[in-house]
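Visitor: My structure is stored as protein38.txt, with compact mmCIF, C-alpha atoms and all ligand atoms.
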```txt
# COMPACT_ATOMS: atom_id res chain seq x y z
CA MET A 1 0.00 0.00 0.00
CA LYS A 2 1.44 3.33 -1.15
CA LEU A 3 2.08 5.88 1.61
CA LEU A 4 -0.07 8.30 -0.41
CA THR A 5 -3.06 6.14 0.51
CA LEU A 6 -2.68 7.13 4.17
CA ASN A 7 -3.59 10.68 3.12
CA PHE A 8 -7.08 9.33 2.34
CA LEU A 9 -7.62 6.94 5.24
CA THR A 10 -9.00 7.35 8.71
CA CYS A 11 -10.63 5.11 11.32
CA ALA A 12 -13.65 3.14 10.04
CA ILE A 13 -15.52 3.59 13.33
CA LYS A 14 -18.12 6.33 12.79
CA THR A 15 -17.74 7.95 16.20
CA CYS A 16 -13.98 8.30 15.60
CA LYS A 17 -14.18 10.07 12.25
CA THR A 18 -15.21 13.40 13.78
CA SER A 19 -12.28 13.37 16.19
CA PRO A 20 -9.15 15.07 14.81
CA SER A 21 -6.92 12.46 16.48
CA SER A 22 -8.29 9.70 14.21
CA PHE A 23 -6.27 11.17 11.31
CA PRO A 24 -3.76 10.16 10.21
CA LEU A 25 -3.67 6.49 11.14
CA HIS A 26 -0.30 5.57 12.62
CA PRO A 27 1.68 2.79 10.93
CA GLN A 28 3.27 0.34 13.39
CA ASP A 29 5.52 -2.70 13.01
CA SER A 30 5.76 -1.85 9.33
CA GLU A 31 7.67 -3.76 6.75
CA LEU A 32 8.25 -1.42 3.81
CA GLU A 33 9.05 -2.12 0.20
CA ILE A 34 9.79 0.00 -2.84
CA VAL A 35 7.58 -0.62 -5.86
CA GLU A 36 8.92 1.48 -8.71
CA ALA A 37 6.47 3.53 -10.75
CA ASP A 38 6.72 6.08 -13.57
CA ILE A 39 6.93 9.66 -12.38
CA ASN A 40 4.14 11.99 -13.56
CA VAL A 41 4.78 15.62 -12.66
CA LEU A 42 1.31 16.78 -13.66
CA PHE A 43 -0.15 14.16 -11.34
CA LEU A 44 2.13 15.30 -8.49
CA ARG A 45 1.24 18.94 -9.10
CA ASN A 46 -2.50 18.25 -8.92
CA MET A 47 -1.95 16.08 -5.86
CA LEU A 48 -0.02 18.73 -3.91
CA PRO A 49 -3.01 20.81 -2.73
CA ARG A 50 -4.71 17.60 -1.47
CA LEU A 51 -1.85 16.51 0.72
CA MET A 52 -2.22 16.91 4.45
CA TRP A 53 1.42 17.88 4.69
CA ASN A 54 1.94 17.95 8.46
CA GLU A 55 0.24 14.58 8.87
CA LEU A 56 2.32 13.05 6.08
CA ARG A 57 5.49 14.40 7.68
CA LEU A 58 4.47 12.77 10.93
CA ILE A 59 3.89 9.41 9.25
CA VAL A 60 7.21 9.60 7.40
CA ASN A 61 8.97 10.30 10.72
CA GLU A 62 7.13 7.47 12.46
CA LEU A 63 8.33 5.12 9.75
CA GLY A 64 11.91 6.29 10.26
CA LEU A 65 12.22 7.56 6.70
CA PRO A 66 14.19 10.72 5.78
CA SER A 67 12.14 13.75 6.86
CA LEU A 68 9.96 15.66 4.43
CA PRO A 69 10.63 19.43 4.18
CA GLU A 70 8.79 21.52 6.76
CA THR A 71 6.40 22.98 4.24
CA ALA A 72 4.89 21.44 1.14
CA PRO A 73 6.93 22.16 -1.99
CA ASP A 74 5.69 24.76 -4.40
CA ALA A 75 4.23 23.41 -7.64
CA SER A 76 6.83 25.35 -9.63
CA SER A 77 9.67 23.49 -7.90
CA LEU A 78 8.63 20.15 -9.41
CA LEU A 79 10.23 20.87 -12.77
CA GLU A 80 13.70 22.10 -13.63
CA THR A 81 15.22 23.24 -16.87
CA LYS A 82 17.98 21.22 -18.35
CA LEU A 83 20.17 22.12 -21.31
CA GLN A 84 20.86 19.43 -23.80
CA VAL A 85 22.20 18.91 -27.27
CA PRO A 86 19.52 17.36 -29.47
CA GLU A 87 20.14 13.81 -30.54
CA GLY A 88 21.93 13.57 -33.84
CA ASP A 89 23.39 17.07 -33.58
CA THR A 90 27.13 16.68 -33.90
CA THR A 91 27.91 20.40 -34.06
CA GLY A 92 26.86 20.99 -30.44
CA LEU A 93 25.57 24.41 -31.45
CA ASN A 94 21.84 23.79 -31.16
CA ILE A 95 21.47 23.53 -27.43
CA GLU A 96 17.83 23.20 -26.36
CA LYS A 97 16.10 23.68 -23.04
CA ILE A 98 13.93 20.86 -21.75
CA GLU A 99 11.91 20.55 -18.57
CA VAL A 100 12.57 17.51 -16.42
CA PRO A 101 11.33 16.38 -12.99
CA SER A 102 13.36 18.10 -10.28
CA GLN A 103 14.94 16.35 -7.32
CA VAL A 104 12.04 17.69 -5.23
CA ALA A 105 9.58 15.90 -7.52
CA LYS A 106 11.62 12.71 -7.53
CA ASP A 107 11.84 12.67 -3.73
CA LEU A 108 8.10 13.25 -3.37
CA HIS A 109 7.34 10.53 -5.93
CA ARG A 110 9.68 8.15 -4.12
CA VAL A 111 8.11 8.57 -0.70
CA LEU A 112 4.42 8.88 -1.64
CA LEU A 113 4.05 6.63 -4.68
CA GLU A 114 6.89 4.13 -4.54
CA THR A 115 7.24 3.49 -0.81
CA CYS A 116 4.69 0.89 0.22
CA ILE A 117 3.68 -0.79 3.45
CA ARG A 118 3.72 -4.54 2.86
CA GLU A 119 3.03 -5.82 6.35
CA GLY A 120 2.16 -4.17 9.65
CA LYS A 121 -0.77 -2.36 11.17
CA LEU A 122 -2.44 1.05 11.11
CA VAL A 123 -3.49 2.34 14.50
CA CYS A 124 -6.22 4.90 15.23
CA GLY A 125 -4.93 7.69 17.46
CA ASN A 126 -8.38 8.19 18.95
CA CYS A 127 -9.69 4.72 19.85
CA GLY A 128 -6.52 2.65 19.49
CA HIS A 129 -8.12 0.19 17.08
CA GLU A 130 -5.54 -1.63 14.98
CA TYR A 131 -6.10 -2.38 11.30
CA LYS A 132 -3.86 -5.10 9.93
CA VAL A 133 -1.92 -4.70 6.70
CA MET A 134 -1.17 -8.01 5.02
CA GLU A 135 0.51 -8.45 1.65
CA GLY A 136 0.06 -4.74 1.01
CA VAL A 137 -3.68 -4.67 1.76
CA ALA A 138 -5.13 -2.99 4.84
CA ASN A 139 -8.25 -4.58 6.29
CA PHE A 140 -10.88 -2.21 7.72
CA LEU A 141 -13.65 -4.69 8.47
CA LEU A 142 -14.81 -4.12 12.03
CA PRO A 143 -15.88 -6.70 14.56
CA GLY A 144 -19.67 -6.64 15.03
CA HIS A 145 -19.74 -4.69 18.29
CA LEU A 146 -17.84 -1.76 16.75
CA VAL A 147 -20.01 -1.27 13.64
CA MET B 1 -40.21 -12.00 -1.48
CA ALA B 2 -37.08 -13.99 -2.06
CA ASP B 3 -37.33 -15.62 1.36
CA LYS B 4 -38.56 -15.08 4.90
CA GLU B 5 -35.34 -14.31 6.74
CA PRO B 6 -35.02 -10.87 8.36
CA ARG B 7 -33.09 -8.46 6.15
CA GLY B 8 -30.03 -6.55 7.24
CA GLU B 9 -26.37 -7.05 7.88
CA ALA B 10 -26.43 -10.71 8.89
CA TYR B 11 -28.62 -11.50 5.89
CA GLU B 12 -26.14 -9.81 3.53
CA THR B 13 -23.23 -11.62 5.15
CA GLN B 14 -24.85 -14.91 4.22
CA HIS B 15 -26.44 -14.04 0.87
CA VAL B 16 -23.92 -11.60 -0.58
CA HIS B 17 -20.50 -11.46 1.11
CA THR B 18 -19.97 -15.17 1.67
CA VAL B 19 -21.00 -15.90 -1.90
CA TYR B 20 -18.56 -13.41 -3.44
CA GLU B 21 -15.77 -14.73 -1.25
CA GLU B 22 -16.45 -18.24 -2.62
CA ILE B 23 -16.91 -17.35 -6.28
CA ALA B 24 -14.27 -14.57 -6.40
CA SER B 25 -11.89 -15.98 -8.98
CA HIS B 26 -14.56 -17.30 -11.34
CA PHE B 27 -16.61 -14.16 -10.96
CA SER B 28 -13.51 -12.12 -11.71
CA SER B 29 -12.71 -14.02 -14.91
CA THR B 30 -16.04 -12.85 -16.32
CA ARG B 31 -15.59 -9.23 -15.28
CA TYR B 32 -13.14 -7.42 -17.48
CA LYS B 33 -15.12 -5.31 -19.91
CA PRO B 34 -16.00 -1.90 -18.42
CA TRP B 35 -19.49 -0.52 -18.92
CA PRO B 36 -19.40 2.45 -21.36
CA ILE B 37 -20.92 5.04 -19.00
CA VAL B 38 -18.40 4.18 -16.29
CA GLU B 39 -15.54 4.23 -18.74
CA SER B 40 -16.40 7.66 -20.12
CA PHE B 41 -16.94 9.04 -16.59
CA LEU B 42 -13.47 7.88 -15.53
CA LYS B 43 -11.74 8.96 -18.74
CA GLY B 44 -13.23 12.45 -18.46
CA LEU B 45 -11.47 13.17 -15.14
CA PRO B 46 -8.55 15.62 -14.98
CA ASP B 47 -5.08 14.15 -14.33
CA GLY B 48 -4.30 13.80 -10.66
CA SER B 49 -7.97 13.53 -9.58
CA ILE B 50 -8.47 11.54 -6.40
CA GLY B 51 -11.28 9.05 -6.15
CA ALA B 52 -12.79 6.09 -4.37
CA ASP B 53 -14.15 2.95 -6.01
CA VAL B 54 -16.55 1.72 -3.35
CA GLY B 55 -17.13 -1.99 -3.96
CA CYS B 56 -14.30 -2.28 -6.49
CA GLY B 57 -14.64 -6.05 -6.90
CA ASN B 58 -11.79 -7.38 -9.01
CA GLY B 59 -10.69 -3.82 -9.77
CA LYS B 60 -11.61 -3.71 -13.43
CA TYR B 61 -12.35 0.02 -13.24
CA LEU B 62 -8.92 0.72 -11.75
CA ALA B 63 -7.41 0.00 -15.15
CA VAL B 64 -9.45 2.59 -17.07
CA ASN B 65 -7.51 5.79 -16.27
CA PRO B 66 -3.97 5.49 -14.88
CA ARG B 67 -3.62 9.28 -14.58
CA VAL B 68 -5.98 9.49 -11.60
CA PHE B 69 -5.49 7.97 -8.16
CA ILE B 70 -8.18 5.66 -6.85
CA VAL B 71 -8.53 4.01 -3.49
CA GLY B 72 -10.58 0.90 -4.23
CA SER B 73 -12.40 -0.93 -1.46
CA ASP B 74 -14.35 -4.14 -1.29
CA ARG B 75 -15.88 -6.34 1.37
CA SER B 76 -14.38 -9.45 -0.23
CA THR B 77 -10.74 -10.14 0.66
CA ASN B 78 -10.45 -12.56 -2.27
CA LEU B 79 -11.64 -9.99 -4.80
CA VAL B 80 -9.33 -7.33 -3.34
CA LYS B 81 -6.38 -9.71 -3.76
CA ILE B 82 -7.18 -9.75 -7.48
CA ALA B 83 -7.68 -5.96 -7.63
CA LYS B 84 -4.23 -5.48 -6.06
CA ALA B 85 -2.66 -6.13 -9.47
CA TYR B 86 -3.44 -2.53 -10.53
CA HIS B 87 -0.29 -1.05 -9.03
CA SER B 88 -0.92 2.59 -9.86
CA HIS B 89 -3.78 2.65 -7.33
CA SER B 90 -4.41 1.26 -3.83
CA VAL B 91 -6.97 -1.23 -2.60
CA ILE B 92 -8.28 -1.97 0.87
CA VAL B 93 -10.78 -4.34 2.42
CA ALA B 94 -13.68 -2.32 3.84
CA ASP B 95 -17.45 -2.33 4.27
CA SER B 96 -19.33 0.22 2.16
CA LEU B 97 -21.31 1.31 5.23
CA SER B 98 -18.16 1.78 7.35
CA LEU B 99 -15.72 3.38 4.94
CA PRO B 100 -12.36 4.43 6.42
CA HIS B 101 -12.16 7.66 4.43
CA PRO B 102 -12.25 11.20 5.80
CA SER B 103 -15.43 13.12 4.89
CA LYS B 104 -15.40 15.68 2.06
CA THR B 105 -12.19 14.46 0.48
CA PHE B 106 -12.58 12.94 -2.97
CA ASP B 107 -12.97 14.50 -6.42
CA PHE B 108 -15.02 11.53 -7.51
CA ALA B 109 -16.41 8.24 -6.34
CA ILE B 110 -17.91 5.30 -8.17
CA SER B 111 -20.29 2.70 -6.81
CA ILE B 112 -20.82 0.13 -9.54
CA ALA B 113 -23.18 -2.79 -9.00
CA VAL B 114 -22.93 -2.53 -5.22
CA ILE B 115 -25.92 -0.77 -3.67
CA HIS B 116 -28.37 -3.31 -5.09
CA HIS B 117 -26.81 -5.89 -2.74
CA LEU B 118 -28.06 -4.10 0.38
CA SER B 119 -31.22 -5.68 1.63
CA THR B 120 -33.31 -2.88 3.19
CA PRO B 121 -34.30 0.57 1.86
CA GLU B 122 -32.61 2.18 4.89
CA ARG B 123 -29.31 0.42 4.24
CA ARG B 124 -29.38 1.32 0.54
CA ILE B 125 -29.93 4.99 1.36
CA GLU B 126 -27.20 4.81 4.00
CA ALA B 127 -24.83 3.35 1.39
CA VAL B 128 -25.58 6.23 -1.00
CA ARG B 129 -25.04 8.69 1.85
CA ALA B 130 -21.67 7.06 2.62
CA VAL B 131 -20.58 7.61 -1.00
CA LEU B 132 -21.77 11.25 -1.04
CA ASP B 133 -20.16 11.95 2.34
CA ILE B 134 -16.61 11.34 1.09
CA LEU B 135 -16.97 13.79 -1.84
CA ARG B 136 -15.76 17.38 -1.75
CA PRO B 137 -18.97 19.40 -1.36
CA PRO B 138 -19.76 22.06 -3.99
CA SER B 139 -19.21 25.65 -2.93
CA SER B 140 -22.57 26.93 -4.17
CA VAL B 141 -26.12 25.60 -4.20
CA GLN B 142 -26.29 24.96 -7.95
CA GLY B 143 -22.56 24.51 -8.45
CA ASP B 144 -21.28 21.32 -10.03
CA GLU B 145 -17.62 21.83 -9.09
CA GLY B 146 -17.83 19.53 -6.08
CA GLY B 147 -16.82 15.90 -6.13
CA LYS B 148 -19.04 13.71 -8.32
CA ALA B 149 -20.35 10.23 -7.69
CA LEU B 150 -21.40 7.74 -10.35
CA ILE B 151 -23.80 5.13 -9.00
CA TYR B 152 -24.85 2.12 -11.04
CA VAL B 153 -27.45 -0.49 -10.07
CA TRP B 154 -29.22 -3.40 -11.73
CA ALA B 155 -32.61 -2.51 -13.25
CA LEU B 156 -35.93 -4.24 -12.76
CA GLU B 157 -36.85 -3.24 -16.30
CA GLN B 158 -34.82 -5.60 -18.49
CA LYS B 159 -37.37 -7.55 -20.47
CA ASP B 160 -34.89 -8.06 -23.31
CA SER B 161 -32.27 -9.64 -21.07
CA ARG B 162 -32.24 -13.38 -20.76
CA ARG B 163 -33.74 -13.09 -17.29
CA GLY B 164 -36.69 -11.18 -18.67
CA TRP B 165 -37.60 -9.28 -15.51
CA ASP B 166 -39.80 -6.26 -16.07
CA GLU B 167 -42.03 -3.70 -14.40
CA GLY B 168 -44.30 -5.34 -11.84
CA HIS B 169 -41.95 -8.21 -11.01
CA GLU B 170 -40.81 -8.79 -7.42
CA GLN B 171 -37.82 -6.49 -6.82
CA ASP B 172 -36.02 -8.54 -4.18
CA VAL B 173 -34.61 -11.59 -5.90
CA MET B 174 -32.07 -14.36 -5.42
CA VAL B 175 -29.82 -14.73 -8.46
CA PRO B 176 -27.94 -17.97 -9.01
CA TRP B 177 -24.24 -18.25 -9.78
CA VAL B 178 -23.25 -21.67 -11.02
CA LEU B 179 -19.70 -22.85 -10.49
CA LYS B 180 -19.31 -25.54 -13.09
CA GLY B 181 -17.64 -28.70 -11.87
CA LYS B 182 -14.61 -29.96 -13.81
CA ARG B 183 -15.53 -32.05 -16.83
CA GLU B 184 -13.21 -34.45 -18.60
CA LYS B 185 -11.72 -32.98 -21.78
CA LYS B 186 -14.31 -30.36 -22.38
CA PRO B 187 -14.05 -29.13 -25.98
CA SER B 188 -16.48 -26.24 -25.53
CA LYS B 189 -14.33 -24.48 -22.96
CA LYS B 190 -13.14 -21.77 -25.35
CA ARG B 191 -16.60 -21.01 -26.64
CA GLN B 192 -17.97 -20.84 -23.15
CA SER B 193 -15.48 -18.23 -22.04
CA ASP B 194 -16.23 -16.13 -25.11
CA ASP B 195 -19.86 -16.14 -24.05
CA GLN B 196 -18.85 -14.60 -20.77
CA ILE B 197 -17.73 -11.36 -22.39
CA SER B 198 -21.31 -10.20 -22.37
CA GLU B 199 -21.15 -9.92 -18.63
CA ASP B 200 -24.53 -8.58 -17.60
CA ARG B 201 -26.25 -11.35 -19.50
CA ASP B 202 -24.06 -13.90 -17.84
CA ARG B 203 -24.06 -13.01 -14.22
CA ASP B 204 -24.64 -16.58 -13.22
CA ARG B 205 -21.96 -18.30 -15.27
CA GLY B 206 -18.81 -19.66 -13.78
CA MET B 207 -16.29 -22.28 -14.67
CA GLY B 208 -13.76 -24.44 -12.90
CA GLY B 209 -14.09 -25.89 -9.43
CA GLN B 210 -14.04 -29.58 -8.68
CA GLY B 211 -16.56 -32.28 -9.50
CA GLU B 212 -20.21 -31.37 -9.25
CA ASP B 213 -21.71 -28.05 -10.30
CA LYS B 214 -22.32 -25.81 -7.33
CA THR B 215 -25.00 -23.14 -7.30
CA PHE B 216 -24.71 -20.05 -5.14
CA LEU B 217 -27.59 -17.63 -4.66
CA ARG B 218 -26.93 -13.93 -4.31
CA TYR B 219 -29.43 -11.38 -3.06
CA TYR B 220 -30.26 -8.42 -5.32
CA HIS B 221 -32.68 -5.55 -5.02
CA LEU B 222 -33.69 -4.70 -8.60
CA TYR B 223 -34.18 -0.95 -9.01
CA ARG B 224 -37.28 0.31 -10.73
CA LYS B 225 -37.32 3.48 -12.81
CA GLY B 226 -36.77 6.59 -10.67
CA GLU B 227 -35.89 4.66 -7.52
CA LEU B 228 -32.15 5.34 -7.66
CA GLU B 229 -32.77 9.07 -8.03
CA GLY B 230 -35.15 8.87 -5.06
CA ASP B 231 -32.54 7.14 -2.90
CA ILE B 232 -29.92 9.73 -3.85
CA GLU B 233 -32.22 12.62 -2.94
CA GLU B 234 -33.16 10.92 0.31
CA ALA B 235 -29.44 10.59 1.08
CA GLY B 236 -28.89 14.33 0.58
CA GLY B 237 -27.52 14.29 -2.95
CA ARG B 238 -28.29 16.39 -6.01
CA ILE B 239 -28.54 14.64 -9.37
CA LEU B 240 -26.57 16.00 -12.32
CA GLY B 241 -27.59 13.29 -14.76
CA SER B 242 -29.13 9.85 -14.87
CA GLY B 243 -30.15 7.19 -17.33
CA TYR B 244 -30.39 3.57 -18.35
CA GLU B 245 -27.63 1.44 -19.86
CA LYS B 246 -27.74 -2.27 -20.64
CA ASP B 247 -30.16 -3.47 -17.94
CA ASN B 248 -28.86 -0.99 -15.37
CA TRP B 249 -29.89 2.39 -13.97
CA TRP B 250 -27.17 4.96 -13.39
CA ALA B 251 -26.94 8.44 -11.90
CA ILE B 252 -24.24 11.06 -11.42
CA ALA B 253 -24.68 13.11 -8.26
CA VAL B 254 -22.98 15.67 -6.03
CA SER B 255 -23.50 16.14 -2.34
CA LYS B 256 -25.51 19.21 -1.37
CA MET B 257 -23.73 22.40 -0.44
CA ASP B 258 -21.93 22.38 2.86
CA SER B 259 -24.29 23.85 5.42
ZN ZN C 301 -10.78 4.93 15.88
```
Could you rewrite the structure in this file as structure tokens?

Guide:
Amino acid sequence: MKLLTLNFLTCAIKTCKTSPSSFPLHPQDSELEIVEADINVLFLRNMLPRLMWNELRLIVNELGLPSLPETAPDASSLLETKLQVPEGDTTGLNIEKIEVPSQVAKDLHRVLLETCIREGKLVCGNCGHEYKVMEGVANFLLPGHLV
Amino acid sequence: MADKEPRGEAYETQHVHTVYEEIASHFSSTRYKPWPIVESFLKGLPDGSIGADVGCGNGKYLAVNPRVFIVGSDRSTNLVKIAKAYHSHSVIVADSLSLPHPSKTFDFAISIAVIHHLSTPERRIEAVRAVLDILRPPSSVQGDEGGKALIYVWALEQKDSRRGWDEGHEQDVMVPWVLKGKREKKPSKKRQSDDQISEDRDRDRGMGGQGEDKTFLRYYHLYRKGELEGDIEEAGGRILGSGYEKDNWWAIAVSKMDS
């Protein structure tokens, strides 16, 4: 399960949802894996305003991953200009400018879209309920008395 | 009436969830062709849109648009295991009436062939409300810039389908799913799987398994004309469009303005 998913998950117990401490869920005993994916800067840019940045920073710290910057990156920092000689040009005189994903974009892509929880649990900060993650799938079915 | 048992959660556990868990892989092998309305809804979304597929089944709609991010959920662990193959999204096991999503979050949500499995009017309306609740609300009364939900349910009016149900028929029905037992050297295997492409006409076909054929019955509430729109309004939604497609009723709705 991609870490980005945690931005859209909270406790399944209705009475918890209204409590701020039910978000984000806290990963525990996590086994992480990297599942590589193509980077899409437009996707990242549209995603940025949806990210609960402080909560994601907290999760990243709880997982012991390198810290995210204190504030969310600006959309304009996701691309950088690179100079390159077009393919087939042997004169080296026709340098062109191309836009490529910046290191900021690559880092964000790495942590949100390629870093996945394979095994572990997600714990509600309000009620303490633990949701198991097995083979990359979190299970939110509740025992009868909690529905 | 399909039977005399009291309707509700326990009823659905027996007559819906347990069945899907058992038939998951055969069911999934017949579910790969997206319905056109759902496909065009998903393809029309801007890149980077965030959505939920509530009752994602084997995840066939996760494959339609890789430039959006979808959190798919289903009650069936076995179906979710199949849906996991769509790596660009995420899938979870969850109940559609106890969704683990924050309110007012998603740009879109789809609920395809799910709500008709709930066995009381109250639970169906609650399920619609749960879908509307996770959408971003519009910022004005008539605005359509809020998150949009596409809801799709099986229609009572389908006299041209091979089931032949139509207006006036009992709406609460048990629909069989036959898991065919293994036959020795069956030459018709290829032809049979071609038949399954027409999925809504073949809801009760299945292949594989061992030995004898096994029949599972699933509960459905068949929606009559206008009923889906009524449920959506009851649940606090506003309808942007609705219609009929291949034996199913569909509607696109937004939640009402944040009050
Ligand atoms: Zn909780």

Visitor: Within 12 Å of Pro27 (chain A), counting only C-alpha atoms, which residues show up once you throw out same-chain ones fewer than 3 positions away? Write them as a ChimeraX atom specification, please.

Guide: /A:1,3,5-6,9-10,23-24,30-32,56,58-64,116-125,128-133,138

Visitor: Deliver the residues from the most recent selection as a file, using C-alpha atoms, as a PDB file, keeping the file's coordinate frame.

Guide:
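Result saved to again.pdb:
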```pdb
ATOM      1  CA  MET A   1       0.000   0.000   0.000  1.00  0.00           C
ATOM      2  CA  LEU A   3       2.080   5.880   1.610  1.00  0.00           C
ATOM      3  CA  THR A   5      -3.060   6.140   0.510  1.00  0.00           C
ATOM      4  CA  LEU A   6      -2.680   7.130   4.170  1.00  0.00           C
ATOM      5  CA  LEU A   9      -7.620   6.940   5.240  1.00  0.00           C
ATOM      6  CA  THR A  10      -9.000   7.350   8.710  1.00  0.00           C
ATOM      7  CA  PHE A  23      -6.270  11.170  11.310  1.00  0.00           C
ATOM      8  CA  PRO A  24      -3.760  10.160  10.210  1.00  0.00           C
ATOM      9  CA  SER A  30       5.760  -1.850   9.330  1.00  0.00           C
ATOM     10  CA  GLU A  31       7.670  -3.760   6.750  1.00  0.00           C
ATOM     11  CA  LEU A  32       8.250  -1.420   3.810  1.00  0.00           C
ATOM     12  CA  LEU A  56       2.320  13.050   6.080  1.00  0.00           C
ATOM     13  CA  LEU A  58       4.470  12.770  10.930  1.00  0.00           C
ATOM     14  CA  ILE A  59       3.890   9.410   9.250  1.00  0.00           C
ATOM     15  CA  VAL A  60       7.210   9.600   7.400  1.00  0.00           C
ATOM     16  CA  ASN A  61       8.970  10.300  10.720  1.00  0.00           C
ATOM     17  CA  GLU A  62       7.130   7.470  12.460  1.00  0.00           C
ATOM     18  CA  LEU A  63       8.330   5.120   9.750  1.00  0.00           C
ATOM     19  CA  GLY A  64      11.910   6.290  10.260  1.00  0.00           C
ATOM     20  CA  CYS A 116       4.690   0.890   0.220  1.00  0.00           C
ATOM     21  CA  ILE A 117       3.680  -0.790   3.450  1.00  0.00           C
ATOM     22  CA  ARG A 118       3.720  -4.540   2.860  1.00  0.00           C
ATOM     23  CA  GLU A 119       3.030  -5.820   6.350  1.00  0.00           C
ATOM     24  CA  GLY A 120       2.160  -4.170   9.650  1.00  0.00           C
ATOM     25  CA  LYS A 121      -0.770  -2.360  11.170  1.00  0.00           C
ATOM     26  CA  LEU A 122      -2.440   1.050  11.110  1.00  0.00           C
ATOM     27  CA  VAL A 123      -3.490   2.340  14.500  1.00  0.00           C
ATOM     28  CA  CYS A 124      -6.220   4.900  15.230  1.00  0.00           C
ATOM     29  CA  GLY A 125      -4.930   7.690  17.460  1.00  0.00           C
ATOM     30  CA  GLY A 128      -6.520   2.650  19.490  1.00  0.00           C
ATOM     31  CA  HIS A 129      -8.120   0.190  17.080  1.00  0.00           C
ATOM     32  CA  GLU A 130      -5.540  -1.630  14.980  1.00  0.00           C
ATOM     33  CA  TYR A 131      -6.100  -2.380  11.300  1.00  0.00           C
ATOM     34  CA  LYS A 132      -3.860  -5.100   9.930  1.00  0.00           C
ATOM     35  CA  VAL A 133      -1.920  -4.700   6.700  1.00  0.00           C
ATOM     36  CA  ALA A 138      -5.130  -2.990   4.840  1.00  0.00           C
TER      37      ALA A 138
END
```

Visitor: I'd like a table as a tab-separated table: residues in chain A with an atom no more than 6 Å from ligand ZN 301 (chain C), each row giving the shortest atom pair and its distance in Å to one decimal, all atoms listed in the file counted, sorted by chain and rising residue number.

Guide:
```
residue	atom	partner	partner_atom	distance
A:Cys11	CA	C:ZN301	ZN	4.6
A:Ile13	CA	C:ZN301	ZN	5.5
A:Cys16	CA	C:ZN301	ZN	4.7
A:Ser22	CA	C:ZN301	ZN	5.6
A:Cys124	CA	C:ZN301	ZN	4.6
A:Asn126	CA	C:ZN301	ZN	5.1
A:Cys127	CA	C:ZN301	ZN	4.1
A:His129	CA	C:ZN301	ZN	5.6
```

Visitor: Keeping only C-alpha atoms, take the residues you just selected and write them out as a compact mmCIF listing (two decimals), in the frame of the given file.

Guide:
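The new file part-v1.txt reads:
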```
# COMPACT_ATOMS: atom_id res chain seq x y z
CA CYS A 11 -10.63 5.11 11.32
CA ILE A 13 -15.52 3.59 13.33
CA CYS A 16 -13.98 8.30 15.60
CA SER A 22 -8.29 9.70 14.21
CA CYS A 124 -6.22 4.90 15.23
CA ASN A 126 -8.38 8.19 18.95
CA CYS A 127 -9.69 4.72 19.85
CA HIS A 129 -8.12 0.19 17.08
```

Visitor: Env of Ala235 (chain B): 7 Å cut, atoms = all atoms listed in the file, seq-sep filter 6 positions within chain, self excluded. Answer as a list in words.

Guide: Ile125, Glu126, Val128 and Arg129 of chain B

Visitor: Find the residues of chain A in contact range of chain B, meaning any atom within 8 Å when counting only C-alpha atoms, and list them as a PyMOL selection string.

Guide: chain A and resi 1-2+5+8-14+17+37+42-47+137-141+147

Visitor: With all atoms listed in the file as the atoms that count, which of B:Ile115, B:Leu222, B:Ala63, B:Val131 lies nearest to Asp172 (chain B)?

Guide: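 Nearest to Asp172 (chain B): B:Leu222.
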
Visitor: My list of candidates is A:Thr90, A:Glu36, A:Gln28, A:Leu112. Which is closest to Arg57 (chain A) when distances are computed with all atoms listed in the file?

Guide: A:Leu112

Visitor: What does the distance between CA of Lys33 (chain B) and CA of Arg224 (chain B) come to in Å, to one decimal place?

Guide: 24.6 Å

Visitor: Residues at most 6 Å from Asp53 (chain B), counting only C-alpha atoms, excluding those fewer than 4 positions away in the same chain, as JSON, numbers by chain?

Guide: {"B": [72, 109, 110]}

Visitor: If I take CA of Val153 (chain B) and CA of Tyr219 (chain B), how far is one from the other in Å, to one decimal?

Guide: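 About the pair CA of Val153 (chain B) and CA of Tyr219 (chain B): they are 13.1 Å apart.
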
Visitor: Take CA of Asp213 (chain B) and CA of Pro6 (chain B) and report the distance between them in Å, one decimal.

Guide: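 Between CA of Asp213 (chain B) and CA of Pro6 (chain B) the gap is 28.6 Å.
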
Visitor: Please list as a short mmCIF file (atom, residue, chain, number, x, y, z; two decimals) with C-alpha atoms, in the coordinates of the input every residue within 10 Å of region 76-86 of chain A, counting only C-alpha atoms and excluding residues in the same chain fewer than 5 positions away.

Guide:
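File written: selection29.cif
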```cif
data_model
loop_
_atom_site.label_atom_id
_atom_site.label_comp_id
_atom_site.auth_asym_id
_atom_site.auth_seq_id
_atom_site.Cartn_x
_atom_site.Cartn_y
_atom_site.Cartn_z
CA VAL A 41 4.78 15.62 -12.66
CA LEU A 42 1.31 16.78 -13.66
CA LEU A 44 2.13 15.30 -8.49
CA ARG A 45 1.24 18.94 -9.10
CA THR A 91 27.91 20.40 -34.06
CA GLY A 92 26.86 20.99 -30.44
CA LEU A 93 25.57 24.41 -31.45
CA ASN A 94 21.84 23.79 -31.16
CA ILE A 95 21.47 23.53 -27.43
CA GLU A 96 17.83 23.20 -26.36
CA LYS A 97 16.10 23.68 -23.04
CA ILE A 98 13.93 20.86 -21.75
CA GLU A 99 11.91 20.55 -18.57
CA VAL A 100 12.57 17.51 -16.42
CA PRO A 101 11.33 16.38 -12.99
CA SER A 102 13.36 18.10 -10.28
CA GLN A 103 14.94 16.35 -7.32
CA VAL A 104 12.04 17.69 -5.23
CA ALA A 105 9.58 15.90 -7.52
CA LYS A 106 11.62 12.71 -7.53
CA ASP A 107 11.84 12.67 -3.73
CA LEU A 108 8.10 13.25 -3.37
#
```
